Amino acid sequence: MSTPVPAGTLRPTRTRTVDVESGGPAEITLQDRDRTRPFLLLHGGGGPATMAGFADLLAERTHSRVLLPTHPGFAGTPKPDALTDVTALARAYVALLDQLDLQDVTLVGNSFGGWLAAEIALLGSPRVSGAVIIDGVGIEVEGHPPTDVTGLTPAQLKAHSFHDPSKAPVPPKADGNESGNDSGPSPDVRALIGYTGPTMSDPTLAGRLGDLHVPVLVLWGESDRIVTPAYGRAYAAAIPMATFTLLPRTGHLPQVETPEELLGALLDLGR
Amino acid sequence: MRTPLTVTRIAHACQLIEIGNIRILTDPWFTQTETYYPGEPLHLAADALGPIDALVVSHEHYDHCDLDALVAAGFDLATPLIGPGTVATLARGKGFRDIRAIEAWESTTVAGLTVTATPGAHGVHEVTFVIQADGRTVFFGGDSLRVPEMDAIPQRFGPIDLAILPVNGLCIRPMNLAQVVMNAEDAAALTAVLRPTLAVPHHYAFHSGRLGDRMITKGDQDPRHYADAVARIAPDIDVRLALPGVAVTVP
């Protein structure tokens, strides 16, 4: 457990003055208390486009603040040299939470983002209160190797990623063109390997997951053929305070394929 | 004229009880972690308490026994610390020097103040307390379950001025939702037996974080449930719902 901090200091009441225009300039002194429980959404190899729709759904239904960063190096963004691995990226995100003065943050990560969520939670920031790992990667499970996505054609990738590839949603093109393309979200392998290394796993991760002391929800598409449900069960079993939930008729990208079912699984928990 | 009696919640079950000039601090909690949030503003930081004559601690759980925060704030470790043996052991390790270990129905005195441990039950060993000075009597319920032995308190101690009771009925999800704290109905039934002049609920704003509330704990965060239950079964007893920092004076 990380060092306790004085209650209320992570997100203190801020008092500031705001200049407004209302029939002339006026200055209003404002006390700002914010106890919103934020979500930090962590996308996988397919980039932020694979999370944006779910981010809308989550924000609307839970009336929460939902933050969706683009991991540096994805979607054409620059990647600084210092971000050499997943842990370094995790540290950058803890620094982001510090800078934004957030607390009671729930991490939600899919695929590579699930691995990243685990690494962030392992850093023990008092700002992070839990994690949701959706079809995460990163651990090594005897007899259940992740599918190597680097050699797959777009059609093969789609077949591995979706329960029903014919119903796979067509994401909008990165340039905002509504007509989209039919290849589906494909991983930015170069950006991914920049963090994970060519094996796209960390042999020490499964052991380190035993140090997690926040509640973790592991959600898995039962038709995921990139990382199978058996791999997912091993993921949950490696975490002390984890529950495992299988999502029916769902593949590797639940937030894209069955977002309502994913949201339900997240919110029904513990009813 | 009766000795003035006031109680001011710092947060959660951490209460500052003042009987005349005697200042008693209960179940200290001043910090937060990933899965422990007071859920209400902290009235005073650990270094702003002023002089405390006795520290009274019901059990060793972090949210009731945040001795680290007191030590870090320079709390006077010569202050008498009163609690069950489990707390005494912990306090000794933190450097407290005047430790009074008492179990149910045992008493200790600190310059005009008598503190008697009364029965309790929780996920770990816990006692409750009857705190008496200058003809004033306070029952402090920590975050105990209601146990039948508590019903003997009025016979043993006479009229009670103030009863402070937990009301969230906290259940621990990984323990098959085992209940470890009295709920509003339990607390109201106990109130009807104790018949205090004034009853104040506490231990309801606490939460475990977004996922923690769904995976670790389940608790009732609405103290009105207690007030309503008391109004139903013991309508002549006055209940006060007080925010942290509000000094409640008992007639």
# chains A, B, ... in the order shown; residues from 1 in each chain; ligands from 1

$ residues_around --residues "B:Asn176" --least-positions-apart "5" --cutoff "12 Å" --atoms "only C-alpha atoms" --output "PDB file with N, CA and C atoms, in the first residue's frame"
ATOM      1  N   GLY A 270     -21.268  -6.091  -8.457  1.00  0.00           N
ATOM      2  CA  GLY A 270     -21.488  -5.839  -7.038  1.00  0.00           C
ATOM      3  C   GLY A 270     -22.869  -5.333  -6.691  1.00  0.00           C
TER       4      GLY A 270
ATOM      5  N   CYS B 171     -21.041  -4.003   4.872  1.00  0.00           N
ATOM      6  CA  CYS B 171     -20.878  -5.424   4.546  1.00  0.00           C
ATOM      7  C   CYS B 171     -19.615  -5.577   3.711  1.00  0.00           C
ATOM      8  N   MET B 215     -16.681  -3.865  -5.234  1.00  0.00           N
ATOM      9  CA  MET B 215     -15.937  -5.116  -5.087  1.00  0.00           C
ATOM     10  C   MET B 215     -15.479  -5.400  -3.659  1.00  0.00           C
ATOM     11  N   ILE B 216     -15.407  -4.377  -2.799  1.00  0.00           N
ATOM     12  CA  ILE B 216     -14.886  -4.597  -1.441  1.00  0.00           C
ATOM     13  C   ILE B 216     -15.980  -4.382  -0.395  1.00  0.00           C
ATOM     14  N   THR B 217     -16.577  -3.204  -0.410  1.00  0.00           N
ATOM     15  CA  THR B 217     -17.515  -2.862   0.657  1.00  0.00           C
ATOM     16  C   THR B 217     -18.893  -2.509   0.108  1.00  0.00           C
ATOM     17  N   LYS B 218     -19.890  -2.644   0.983  1.00  0.00           N
ATOM     18  CA  LYS B 218     -21.233  -2.176   0.665  1.00  0.00           C
ATOM     19  C   LYS B 218     -21.765  -1.513   1.918  1.00  0.00           C
TER      20      LYS B 218
END

$ interface_residues --of "chain A" --to "chain B" --cutoff "9 Å" --atoms "only C-alpha atoms" --output "MDAnalysis selection string"
chainID A and resid 1:9 37 103:106 124:132 213:217 241:243 267:271

$ write_last_selection --atoms "N, CA and C atoms" --output "CSV table (one decimal), in the first residue's frame"
chain,number,residue,atom,x,y,z
A,1,MET,N,0.8,-1.2,0.0
A,1,MET,CA,0.0,0.0,0.0
A,1,MET,C,0.9,1.3,0.0
A,2,SER,N,0.5,2.2,-0.8
A,2,SER,CA,1.3,3.4,-0.8
A,2,SER,C,1.1,4.3,0.4
A,3,THR,N,1.9,5.3,0.6
A,3,THR,CA,1.8,6.1,1.8
A,3,THR,C,0.5,6.9,1.8
A,4,PRO,N,-0.2,6.8,2.9
A,4,PRO,CA,-1.5,7.6,2.9
A,4,PRO,C,-1.2,9.1,2.9
A,5,VAL,N,-2.1,9.8,2.3
A,5,VAL,CA,-1.9,11.3,2.2
A,5,VAL,C,-3.0,11.9,3.0
A,6,PRO,N,-2.8,13.1,3.5
A,6,PRO,CA,-3.8,13.8,4.3
A,6,PRO,C,-5.1,13.9,3.5
A,7,ALA,N,-6.2,13.5,4.1
A,7,ALA,CA,-7.5,13.4,3.5
A,7,ALA,C,-7.9,14.7,2.8
A,8,GLY,N,-8.3,14.7,1.6
A,8,GLY,CA,-8.8,15.9,0.9
A,8,GLY,C,-7.7,16.7,0.2
A,9,THR,N,-6.5,16.3,0.3
A,9,THR,CA,-5.4,17.1,-0.3
A,9,THR,C,-5.1,16.7,-1.7
A,37,ARG,N,-15.7,11.2,-10.0
A,37,ARG,CA,-14.8,10.0,-10.1
A,37,ARG,C,-14.4,9.8,-11.6
A,103,GLN,N,-8.3,12.2,-8.3
A,103,GLN,CA,-8.3,11.2,-7.4
A,103,GLN,C,-9.5,10.2,-7.6
A,104,ASP,N,-9.4,9.0,-7.0
A,104,ASP,CA,-10.4,8.0,-7.2
A,104,ASP,C,-10.6,7.7,-8.7
A,105,VAL,N,-9.4,7.6,-9.4
A,105,VAL,CA,-9.4,7.3,-10.8
A,105,VAL,C,-9.6,5.8,-11.1
A,106,THR,N,-10.5,5.5,-12.0
A,106,THR,CA,-10.6,4.1,-12.5
A,106,THR,C,-10.0,4.0,-13.9
A,124,GLY,N,1.3,2.3,-7.7
A,124,GLY,CA,0.8,2.6,-6.4
A,124,GLY,C,0.5,4.0,-6.1
A,125,SER,N,0.1,4.7,-7.2
A,125,SER,CA,-0.4,6.1,-6.9
A,125,SER,C,-1.6,6.2,-6.1
A,126,PRO,N,-1.7,7.0,-5.1
A,126,PRO,CA,-2.9,7.1,-4.3
A,126,PRO,C,-4.1,7.7,-5.1
A,127,ARG,N,-3.8,8.1,-6.3
A,127,ARG,CA,-4.9,8.7,-7.1
A,127,ARG,C,-5.7,7.6,-7.8
A,128,VAL,N,-5.1,6.4,-7.9
A,128,VAL,CA,-5.7,5.3,-8.7
A,128,VAL,C,-6.4,4.3,-7.8
A,129,SER,N,-7.8,4.2,-7.9
A,129,SER,CA,-8.5,3.4,-7.0
A,129,SER,C,-8.9,2.0,-7.6
A,130,GLY,N,-8.7,1.8,-8.8
A,130,GLY,CA,-9.1,0.5,-9.4
A,130,GLY,C,-8.8,0.5,-10.9
A,131,ALA,N,-8.9,-0.7,-11.4
A,131,ALA,CA,-8.6,-0.9,-12.9
A,131,ALA,C,-9.5,-1.9,-13.5
A,132,VAL,N,-9.9,-1.7,-14.7
A,132,VAL,CA,-10.6,-2.6,-15.5
A,132,VAL,C,-9.8,-3.0,-16.7
A,213,HIS,N,-2.9,-4.0,-5.2
A,213,HIS,CA,-3.7,-4.0,-4.1
A,213,HIS,C,-5.0,-3.2,-4.3
A,214,VAL,N,-5.3,-2.8,-5.5
A,214,VAL,CA,-6.5,-2.2,-5.8
A,214,VAL,C,-7.5,-3.2,-6.4
A,215,PRO,N,-8.8,-3.0,-6.3
A,215,PRO,CA,-9.7,-3.9,-7.0
A,215,PRO,C,-9.5,-3.8,-8.5
A,216,VAL,N,-9.6,-5.0,-9.1
A,216,VAL,CA,-9.4,-5.1,-10.6
A,216,VAL,C,-10.5,-5.9,-11.2
A,217,LEU,N,-11.1,-5.4,-12.2
A,217,LEU,CA,-12.1,-6.2,-12.9
A,217,LEU,C,-11.5,-6.6,-14.2
A,241,MET,N,-7.0,-9.1,-6.0
A,241,MET,CA,-8.4,-8.6,-5.8
A,241,MET,C,-9.0,-8.4,-7.2
A,242,ALA,N,-9.2,-9.5,-7.9
A,242,ALA,CA,-9.7,-9.4,-9.2
A,242,ALA,C,-11.0,-10.3,-9.4
A,243,THR,N,-11.9,-9.8,-10.2
A,243,THR,CA,-13.0,-10.7,-10.6
A,243,THR,C,-12.8,-10.9,-12.1
A,267,LEU,N,-20.8,-1.9,-14.8
A,267,LEU,CA,-21.7,-1.2,-13.9
A,267,LEU,C,-22.5,-2.2,-13.0
A,268,ASP,N,-22.8,-3.4,-13.5
A,268,ASP,CA,-23.7,-4.3,-12.7
A,268,ASP,C,-22.9,-4.9,-11.6
A,269,LEU,N,-21.6,-4.8,-11.7
A,269,LEU,CA,-20.7,-5.4,-10.7
A,269,LEU,C,-21.1,-5.1,-9.3
A,270,GLY,N,-21.3,-6.1,-8.5
A,270,GLY,CA,-21.5,-5.8,-7.0
A,270,GLY,C,-22.9,-5.3,-6.7
A,271,ARG,N,-23.8,-5.4,-7.6
A,271,ARG,CA,-25.2,-5.0,-7.3
A,271,ARG,C,-25.8,-5.9,-6.2

$ select_by_dssp --residues "stretch 57-121 of chain A" --states "alpha helix (DSSP H)" --output "PyMOL selection string"
chain A and resi 57-62+86-99+112-121

$ atom_distance --atom1 "atom CA of B:Tyr204" --atom2 "atom CA of B:Ala227"
12.7 Å

$ residues_around --residues "stretch 74-87 of chain B" --least-positions-apart "3" --cutoff "6 Å" --atoms "only C-alpha atoms" --output "PDB file with C-alpha atoms, in the first residue's frame"
ATOM      1  CA  ALA B  54      -7.141  11.123  26.092  1.00  0.00           C
ATOM      2  CA  LEU B  55      -7.121   9.185  22.866  1.00  0.00           C
ATOM      3  CA  VAL B  56      -9.788   6.464  22.729  1.00  0.00           C
ATOM      4  CA  VAL B  57      -9.487   3.813  19.999  1.00  0.00           C
ATOM      5  CA  SER B  58     -12.016   1.025  19.407  1.00  0.00           C
ATOM      6  CA  HIS B  59      -9.980  -1.282  17.151  1.00  0.00           C
ATOM      7  CA  GLU B  60      -6.954  -1.370  14.914  1.00  0.00           C
ATOM      8  CA  LEU B  70      -0.783  11.473  14.597  1.00  0.00           C
ATOM      9  CA  VAL B  71       2.883  10.530  14.973  1.00  0.00           C
ATOM     10  CA  LEU B  90       0.044  -1.489  17.893  1.00  0.00           C
ATOM     11  CA  PHE B  96       2.938   5.846  22.604  1.00  0.00           C
ATOM     12  CA  ARG B  97       4.061   5.805  26.219  1.00  0.00           C
ATOM     13  CA  ASP B  98       0.885   5.899  28.344  1.00  0.00           C
ATOM     14  CA  ILE B  99      -1.177   3.002  27.048  1.00  0.00           C
ATOM     15  CA  ARG B 100      -4.252   1.758  28.911  1.00  0.00           C
ATOM     16  CA  ALA B 101      -5.366  -1.613  27.578  1.00  0.00           C
ATOM     17  CA  ILE B 102      -8.942  -2.309  28.648  1.00  0.00           C
ATOM     18  CA  GLU B 103     -11.392  -4.998  27.561  1.00  0.00           C
TER      19      GLU B 103
END

$ residues_around --residues "B:Thr191" --least-positions-apart "4" --cutoff "10 Å" --atoms "only C-alpha atoms" --output "number ranges by chain"
B: 151, 163-165, 185-187, 195-196, 198-200, 226, 229-230, 233-234, 237, 239

$ write_last_selection --atoms "C-alpha atoms" --output "PDB file, in the first residue's frame"
ATOM      1  CA  ASP B 151     -28.346  -3.579  26.438  1.00  0.00           C
ATOM      2  CA  ALA B 163     -24.848   8.181  22.180  1.00  0.00           C
ATOM      3  CA  ILE B 164     -22.635   8.140  19.099  1.00  0.00           C
ATOM      4  CA  LEU B 165     -23.492   5.197  16.858  1.00  0.00           C
ATOM      5  CA  GLU B 185     -32.312  -0.292  12.167  1.00  0.00           C
ATOM      6  CA  ASP B 186     -29.816  -1.986  14.514  1.00  0.00           C
ATOM      7  CA  ALA B 187     -28.561   1.394  15.699  1.00  0.00           C
ATOM      8  CA  ARG B 195     -32.287   6.183  25.765  1.00  0.00           C
ATOM      9  CA  PRO B 196     -29.712   8.972  25.433  1.00  0.00           C
ATOM     10  CA  LEU B 198     -29.143  13.053  22.216  1.00  0.00           C
ATOM     11  CA  ALA B 199     -28.061  10.557  19.580  1.00  0.00           C
ATOM     12  CA  VAL B 200     -25.555  11.349  16.818  1.00  0.00           C
ATOM     13  CA  TYR B 226     -31.192   6.077  11.148  1.00  0.00           C
ATOM     14  CA  ALA B 229     -35.871   4.585  12.324  1.00  0.00           C
ATOM     15  CA  VAL B 230     -35.389   6.320  15.681  1.00  0.00           C
ATOM     16  CA  ILE B 233     -39.411   3.307  17.376  1.00  0.00           C
ATOM     17  CA  ALA B 234     -38.266   5.885  19.949  1.00  0.00           C
ATOM     18  CA  ILE B 237     -35.246  10.644  21.515  1.00  0.00           C
ATOM     19  CA  VAL B 239     -31.286  12.687  16.861  1.00  0.00           C
TER      20      VAL B 239
END

$ closest_residue --among "A:Ile120, A:Ala55, A:Ala234, A:Leu97" --to "A:Glu142" --atoms "only C-alpha atoms"
A:Ala234

$ closest_residue --among "B:Val115, B:Met150, B:Ile131, B:Gly123" --to "B:Val181" --atoms "only C-alpha atoms"
B:Gly123

$ decode --residues "stretch 61-102 of chain B" --atoms "N, CA and C atoms" --output "PDB file, in the first residue's frame"
ATOM      1  N   HIS B  61      -8.310  -1.119  12.886  1.00  0.00           N
ATOM      2  CA  HIS B  61      -8.440  -0.831  11.450  1.00  0.00           C
ATOM      3  C   HIS B  61      -7.948   0.579  11.136  1.00  0.00           C
ATOM      4  N   TYR B  62      -7.322   0.677   9.948  1.00  0.00           N
ATOM      5  CA  TYR B  62      -6.688   1.934   9.520  1.00  0.00           C
ATOM      6  C   TYR B  62      -7.597   3.154   9.651  1.00  0.00           C
ATOM      7  N   ASP B  63      -8.874   3.007   9.292  1.00  0.00           N
ATOM      8  CA  ASP B  63      -9.764   4.168   9.305  1.00  0.00           C
ATOM      9  C   ASP B  63     -10.269   4.517  10.708  1.00  0.00           C
ATOM     10  N   HIS B  64      -9.773   3.805  11.719  1.00  0.00           N
ATOM     11  CA  HIS B  64     -10.111   4.111  13.113  1.00  0.00           C
ATOM     12  C   HIS B  64      -8.866   4.267  13.979  1.00  0.00           C
ATOM     13  N   CYS B  65      -7.726   3.958  13.426  1.00  0.00           N
ATOM     14  CA  CYS B  65      -6.516   3.874  14.248  1.00  0.00           C
ATOM     15  C   CYS B  65      -5.332   4.383  13.438  1.00  0.00           C
ATOM     16  N   ASP B  66      -5.494   5.610  12.911  1.00  0.00           N
ATOM     17  CA  ASP B  66      -4.475   6.194  12.036  1.00  0.00           C
ATOM     18  C   ASP B  66      -3.384   6.827  12.902  1.00  0.00           C
ATOM     19  N   LEU B  67      -2.726   5.987  13.682  1.00  0.00           N
ATOM     20  CA  LEU B  67      -1.708   6.500  14.604  1.00  0.00           C
ATOM     21  C   LEU B  67      -0.531   7.090  13.833  1.00  0.00           C
ATOM     22  N   ASP B  68      -0.265   6.543  12.637  1.00  0.00           N
ATOM     23  CA  ASP B  68       0.847   7.079  11.833  1.00  0.00           C
ATOM     24  C   ASP B  68       0.649   8.570  11.550  1.00  0.00           C
ATOM     25  N   ALA B  69      -0.596   8.951  11.245  1.00  0.00           N
ATOM     26  CA  ALA B  69      -0.865  10.365  10.948  1.00  0.00           C
ATOM     27  C   ALA B  69      -0.620  11.225  12.183  1.00  0.00           C
ATOM     28  N   LEU B  70      -1.007  10.715  13.362  1.00  0.00           N
ATOM     29  CA  LEU B  70      -0.783  11.473  14.597  1.00  0.00           C
ATOM     30  C   LEU B  70       0.710  11.611  14.869  1.00  0.00           C
ATOM     31  N   VAL B  71       1.434  10.503  14.722  1.00  0.00           N
ATOM     32  CA  VAL B  71       2.883  10.530  14.973  1.00  0.00           C
ATOM     33  C   VAL B  71       3.554  11.510  14.012  1.00  0.00           C
ATOM     34  N   ALA B  72       3.169  11.421  12.730  1.00  0.00           N
ATOM     35  CA  ALA B  72       3.773  12.299  11.725  1.00  0.00           C
ATOM     36  C   ALA B  72       3.477  13.770  12.011  1.00  0.00           C
ATOM     37  N   ALA B  73       2.346  14.031  12.670  1.00  0.00           N
ATOM     38  CA  ALA B  73       1.952  15.415  12.964  1.00  0.00           C
ATOM     39  C   ALA B  73       2.534  15.912  14.289  1.00  0.00           C
ATOM     40  N   GLY B  74       3.354  15.080  14.928  1.00  0.00           N
ATOM     41  CA  GLY B  74       3.974  15.518  16.171  1.00  0.00           C
ATOM     42  C   GLY B  74       3.064  15.422  17.380  1.00  0.00           C
ATOM     43  N   PHE B  75       2.091  14.536  17.327  1.00  0.00           N
ATOM     44  CA  PHE B  75       1.163  14.343  18.454  1.00  0.00           C
ATOM     45  C   PHE B  75       1.944  13.955  19.703  1.00  0.00           C
ATOM     46  N   ASP B  76       1.519  14.459  20.855  1.00  0.00           N
ATOM     47  CA  ASP B  76       2.214  14.179  22.118  1.00  0.00           C
ATOM     48  C   ASP B  76       2.021  12.700  22.490  1.00  0.00           C
ATOM     49  N   LEU B  77       3.078  11.928  22.386  1.00  0.00           N
ATOM     50  CA  LEU B  77       2.982  10.484  22.603  1.00  0.00           C
ATOM     51  C   LEU B  77       2.853  10.123  24.082  1.00  0.00           C
ATOM     52  N   ALA B  78       2.886  11.138  24.950  1.00  0.00           N
ATOM     53  CA  ALA B  78       2.622  10.887  26.368  1.00  0.00           C
ATOM     54  C   ALA B  78       1.123  10.944  26.674  1.00  0.00           C
ATOM     55  N   THR B  79       0.321  11.316  25.667  1.00  0.00           N
ATOM     56  CA  THR B  79      -1.136  11.357  25.851  1.00  0.00           C
ATOM     57  C   THR B  79      -1.647   9.950  26.156  1.00  0.00           C
ATOM     58  N   PRO B  80      -2.479   9.799  27.190  1.00  0.00           N
ATOM     59  CA  PRO B  80      -3.028   8.469  27.459  1.00  0.00           C
ATOM     60  C   PRO B  80      -3.803   7.936  26.247  1.00  0.00           C
ATOM     61  N   LEU B  81      -3.480   6.714  25.853  1.00  0.00           N
ATOM     62  CA  LEU B  81      -4.171   6.062  24.737  1.00  0.00           C
ATOM     63  C   LEU B  81      -4.920   4.873  25.307  1.00  0.00           C
ATOM     64  N   ILE B  82      -6.243   4.873  25.127  1.00  0.00           N
ATOM     65  CA  ILE B  82      -7.111   3.863  25.726  1.00  0.00           C
ATOM     66  C   ILE B  82      -7.718   3.009  24.626  1.00  0.00           C
ATOM     67  N   GLY B  83      -7.550   1.702  24.749  1.00  0.00           N
ATOM     68  CA  GLY B  83      -8.109   0.811  23.732  1.00  0.00           C
ATOM     69  C   GLY B  83      -7.949  -0.632  24.143  1.00  0.00           C
ATOM     70  N   PRO B  84      -8.475  -1.544  23.335  1.00  0.00           N
ATOM     71  CA  PRO B  84      -8.315  -2.972  23.639  1.00  0.00           C
ATOM     72  C   PRO B  84      -6.859  -3.402  23.427  1.00  0.00           C
ATOM     73  N   GLY B  85      -6.545  -4.612  23.855  1.00  0.00           N
ATOM     74  CA  GLY B  85      -5.178  -5.111  23.783  1.00  0.00           C
ATOM     75  C   GLY B  85      -4.582  -5.051  22.396  1.00  0.00           C
ATOM     76  N   THR B  86      -5.411  -5.314  21.385  1.00  0.00           N
ATOM     77  CA  THR B  86      -4.921  -5.285  20.005  1.00  0.00           C
ATOM     78  C   THR B  86      -4.398  -3.905  19.629  1.00  0.00           C
ATOM     79  N   VAL B  87      -5.131  -2.871  20.054  1.00  0.00           N
ATOM     80  CA  VAL B  87      -4.711  -1.496  19.770  1.00  0.00           C
ATOM     81  C   VAL B  87      -3.491  -1.136  20.609  1.00  0.00           C
ATOM     82  N   ALA B  88      -3.482  -1.609  21.869  1.00  0.00           N
ATOM     83  CA  ALA B  88      -2.363  -1.307  22.772  1.00  0.00           C
ATOM     84  C   ALA B  88      -1.044  -1.794  22.181  1.00  0.00           C
ATOM     85  N   THR B  89      -1.054  -3.009  21.630  1.00  0.00           N
ATOM     86  CA  THR B  89       0.153  -3.578  21.035  1.00  0.00           C
ATOM     87  C   THR B  89       0.649  -2.715  19.885  1.00  0.00           C
ATOM     88  N   LEU B  90      -0.300  -2.322  19.050  1.00  0.00           N
ATOM     89  CA  LEU B  90       0.044  -1.489  17.893  1.00  0.00           C
ATOM     90  C   LEU B  90       0.609  -0.140  18.347  1.00  0.00           C
ATOM     91  N   ALA B  91      -0.049   0.461  19.345  1.00  0.00           N
ATOM     92  CA  ALA B  91       0.340   1.792  19.815  1.00  0.00           C
ATOM     93  C   ALA B  91       1.730   1.774  20.451  1.00  0.00           C
ATOM     94  N   ARG B  92       2.023   0.691  21.144  1.00  0.00           N
ATOM     95  CA  ARG B  92       3.346   0.562  21.763  1.00  0.00           C
ATOM     96  C   ARG B  92       4.423   0.638  20.682  1.00  0.00           C
ATOM     97  N   GLY B  93       4.177  -0.061  19.578  1.00  0.00           N
ATOM     98  CA  GLY B  93       5.119  -0.071  18.452  1.00  0.00           C
ATOM     99  C   GLY B  93       5.288   1.290  17.810  1.00  0.00           C
ATOM    100  N   LYS B  94       4.278   2.160  17.948  1.00  0.00           N
ATOM    101  CA  LYS B  94       4.355   3.504  17.353  1.00  0.00           C
ATOM    102  C   LYS B  94       4.981   4.508  18.317  1.00  0.00           C
ATOM    103  N   GLY B  95       5.280   4.076  19.530  1.00  0.00           N
ATOM    104  CA  GLY B  95       5.968   4.970  20.465  1.00  0.00           C
ATOM    105  C   GLY B  95       5.077   5.627  21.499  1.00  0.00           C
ATOM    106  N   PHE B  96       3.796   5.284  21.545  1.00  0.00           N
ATOM    107  CA  PHE B  96       2.938   5.846  22.604  1.00  0.00           C
ATOM    108  C   PHE B  96       3.426   5.315  23.955  1.00  0.00           C
ATOM    109  N   ARG B  97       3.426   6.176  24.952  1.00  0.00           N
ATOM    110  CA  ARG B  97       4.061   5.805  26.219  1.00  0.00           C
ATOM    111  C   ARG B  97       3.077   5.554  27.355  1.00  0.00           C
ATOM    112  N   ASP B  98       1.856   6.097  27.261  1.00  0.00           N
ATOM    113  CA  ASP B  98       0.885   5.899  28.344  1.00  0.00           C
ATOM    114  C   ASP B  98      -0.308   5.141  27.772  1.00  0.00           C
ATOM    115  N   ILE B  99      -0.168   3.826  27.719  1.00  0.00           N
ATOM    116  CA  ILE B  99      -1.177   3.002  27.048  1.00  0.00           C
ATOM    117  C   ILE B  99      -2.016   2.279  28.085  1.00  0.00           C
ATOM    118  N   ARG B 100      -3.332   2.415  27.970  1.00  0.00           N
ATOM    119  CA  ARG B 100      -4.252   1.758  28.911  1.00  0.00           C
ATOM    120  C   ARG B 100      -5.043   0.718  28.129  1.00  0.00           C
ATOM    121  N   ALA B 101      -4.647  -0.535  28.267  1.00  0.00           N
ATOM    122  CA  ALA B 101      -5.366  -1.613  27.578  1.00  0.00           C
ATOM    123  C   ALA B 101      -6.551  -2.035  28.445  1.00  0.00           C
ATOM    124  N   ILE B 102      -7.749  -1.871  27.906  1.00  0.00           N
ATOM    125  CA  ILE B 102      -8.942  -2.309  28.648  1.00  0.00           C
ATOM    126  C   ILE B 102      -9.833  -3.134  27.724  1.00  0.00           C
TER     127      ILE B 102
END
